[in-house]
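Visitor: First the structure, which I've put down as structure tokens, then a few questions once you've had a look.
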Amino acid sequence: MYRSHSCGELRATDINTEVTLAGWVQRIKDLGSLNWVVIRDRYGITQLVFDEGRSAKELLENSKKLGREFVIQIKGTVIERESKNPNMPTGDIEVLVSGLTILNEAQTPPFTIEDETDGGEDIRMKYRYLDIRRNPVKNNLMFRHKVGMLVRNYLSTNDFIEVETPYLIKSTPEGARDFVVPSRMNEGQFYALPQSPQTFKQLLMVGGMDKYFQIVKCFRDEDLRADRQPEFTQIDCEMAFVEQEDILHIFEGLTRHLLSEIKGIDIADFPRMTYDEAMKTYGNDKPDIRFGMKFGELNEVAQHKDFKVFNDAELVVGIAVPNGSSYTRKEIDKLIDWVKRPQVGALGMVYVKCNEDGTYKSSVDKFYDQEDLAKWAEVTGANPGDLICVLSGSTNKVRAQLSALRMELAERLGFRNPEEFAPLWVVDFPLLEWDEDTERYHAMHHPFTSPKPEDIALLDTKPGDVRANAYDLVLNGNEIGGGSIRIHDKATQALMFDHLGFTPEEAKAQFGFLMDAFEYGAPPHGGIAFGFDRLVSILGGQETIRDFIAFPKNNSGRDVMIDAPAIIDKEQLKELHIKLDL
């Protein structure tokens, strides 16, 4: 055995015990006749002592050859530590070493492997195998494992069966761009990596599996925004003979279970909000409801004066910032500069200070009197001492801009407490959304989402008004899960393909296998997929999913550690019948 105990295991009750430890050298303190070495493994750290008065001279000399991150094995006796360290689980003891074996030497690492490191993100990603040795990363990966086990246990207890689905599948035109894989044995043909196991989990319902889940890798070749990965992990689930309420009930239960087991929090209320209400009240379909600052639409009270900016706008909308009237003009100017950044795209911002004495001071005092501004305060819910921030423009753009400002202000004001959790179901999404570039409708979720039965007649006359039998679970302003009741009959699925612009031949070529399956007794079914990486990071109280992925890609989709993607040699290309045109 390389070790009898782990480096985090020994306590005062082990004093006088003969032990064997193995691990990495974390720190060395050489005092000449006395040498202390701290050894580390996944479980913790233990202090070793090499003492000229109690150890062989050769052993003491060998200990002086050790460097940081050397892999060693020691034998020794657990003794009481004279200067105890209450901040260290093994701080009451140390090991008087009687035998030392250097298992592997190590170069000096490019950054210090401590909780607080001097390594930047780029260098730590390049040497990720070293970064994993640090407690923050190690603990995040262990936390991810814990969440995964809790998910598996909950779903298994509720009769779900984990089934693996293929990674080499067929490319489909909907959704994000596929990663494609050339087939050597089928010249000129390609597999695709799955963006999700969507059609396979539906086929499992046709196959009678009834309740399926899988913690599975998914792949999307899309331009990476902040905190996105080209490969990510889903908790993928499907159920047969269910309606929307059944699914919401089960996965509220999963979320409660995770919050209870991990955070010790009992959440009773999972409020629901329609998509339209979310957009009107918060400007996005994944609102953070831990704080207020709800939108107040001001068209009726702001478009009656000679202020062209508002009069020409499709929407005038504002939020009340608590205690914001104390902001200086310089601070407000910085807010205006913030919304005018290209990432937000507003042309400007109107503000109103709600003074403590009940009066108002605004950047548009020239156009609006005190009575007008009082109505703005009423609509936005502003109180004396607050600041009203107002944006205007086209409806969709201005909602997105004000939503971004709302979140930025909440961050600055400390309203986004990572230890506070506020779940929310957003329901009744549009089934279709219009794409200006292609000038046709696309499925907002995917083409297998069922429309609300009462809205099907609108597909021919008002397709944009058709609601989907779809739902998202939002937690703290992040969509952590999304799903729908699926179409389960061939006629409705064919109708959906038709409205998405597929010819019958194209639908048959792309999804004929699913259409055929529907003719063999497909049950009503629906499901949901949770973003596992995002869920773990939120439960872990952090913003970045990369911190919870063992070997993440950077913002360019590269693995800088193994230098991938990479060029392949000409012989491989020839074997795959591929010619590059760069």
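Residue numbering restarts at 1 in every chain; chains get A, B, ... in the order shown in the structure tokens, and ligands count up from 1 in that same order.
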Do you know which residues are at most 7 Å from range 324-333 of chain A counting only C-alpha atoms, after dropping those on the same chain fewer than 4 positions away, and could you put them as a ChimeraX atom specification?
Guide: /A:337,353-355,385-387
Visitor: Sorted by chain and rising residue number, list the residues of range 437-493 of chain A at most 7 Å from range 411-432 of chain A (counting only C-alpha atoms), each with its closest atom pair and distance in Å to one decimal, as CSV.
Guide:
```
residue,atom,partner,partner_atom,distance
A:Tyr441,CA,A:Leu432,CA,5.9
A:His442,CA,A:Leu432,CA,5.5
A:Ala443,CA,A:Leu432,CA,4.7
A:Met444,CA,A:Leu432,CA,5.1
A:Pro451,CA,A:Leu431,CA,6.3
A:Pro463,CA,A:Leu432,CA,6.9
A:Gly464,CA,A:Leu432,CA,5.9
A:Asp465,CA,A:Pro430,CA,6.7
A:Val466,CA,A:Leu431,CA,5.7
A:Arg467,CA,A:Pro430,CA,4.5
A:Ala468,CA,A:Leu431,CA,4.4
A:Asn469,CA,A:Asp428,CA,6.3
A:Ala470,CA,A:Phe429,CA,6.1
A:Tyr471,CA,A:Val427,CA,4.5
A:Asp472,CA,A:Val426,CA,5.2
A:Leu473,CA,A:Trp425,CA,4.8
A:Val474,CA,A:Leu424,CA,5.0
A:Leu475,CA,A:Pro423,CA,4.4
A:Asn476,CA,A:Ala422,CA,5.6
```
Visitor: Just asking: which residues within range 325-448 of chain A are strand (DSSP E or B) according to DSSP, as a PyMOL selection string?
Guide: chain A and resi 350-354+360-362+387-393+423-427+430+432-435+440-443
Visitor: Residues at most 12 Å from range 54-56 of chain A, counting only C-alpha atoms, excluding those fewer than 5 positions away in the same chain, as a ChimeraX atom specification?
Guide: /A:33-35,48-49,61-63,75-77,95-100
Visitor: Which neighbours of Pro524 in chain A fall inside 10 Å, counting only C-alpha atoms, when residues of the same chain fewer than 2 positions from it are skipped, and could you give them as a list in words?
Guide: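 Contacts, in chain order: Gln202, Met205, Val206, Met239, Ala240, Phe241, Val242, Glu243, Ile485, Arg486, Ile487, His488, Asp489, Gly521, Ala522 and Gly526 of chain A.
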Visitor: Under the rule that only C-alpha atoms are counted, which of A:Met185, A:Ile123, A:Met496, A:Leu150 is the nearest residue to Leu576 in chain A?
Guide: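 Of A:Met185, A:Ile123, A:Met496, A:Leu150, the one nearest Leu576 in chain A is A:Met185, counting only C-alpha atoms.
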Visitor: Could you give me, as a VMD selection string, each residue of range 457-554 of chain A that DSSP assigns to helix (DSSP H, G or I) when run on this structure's backbone?
Guide: chain A and resid 457 to 459 463 to 465 490 to 499 504 to 520 532 to 539 545 to 548
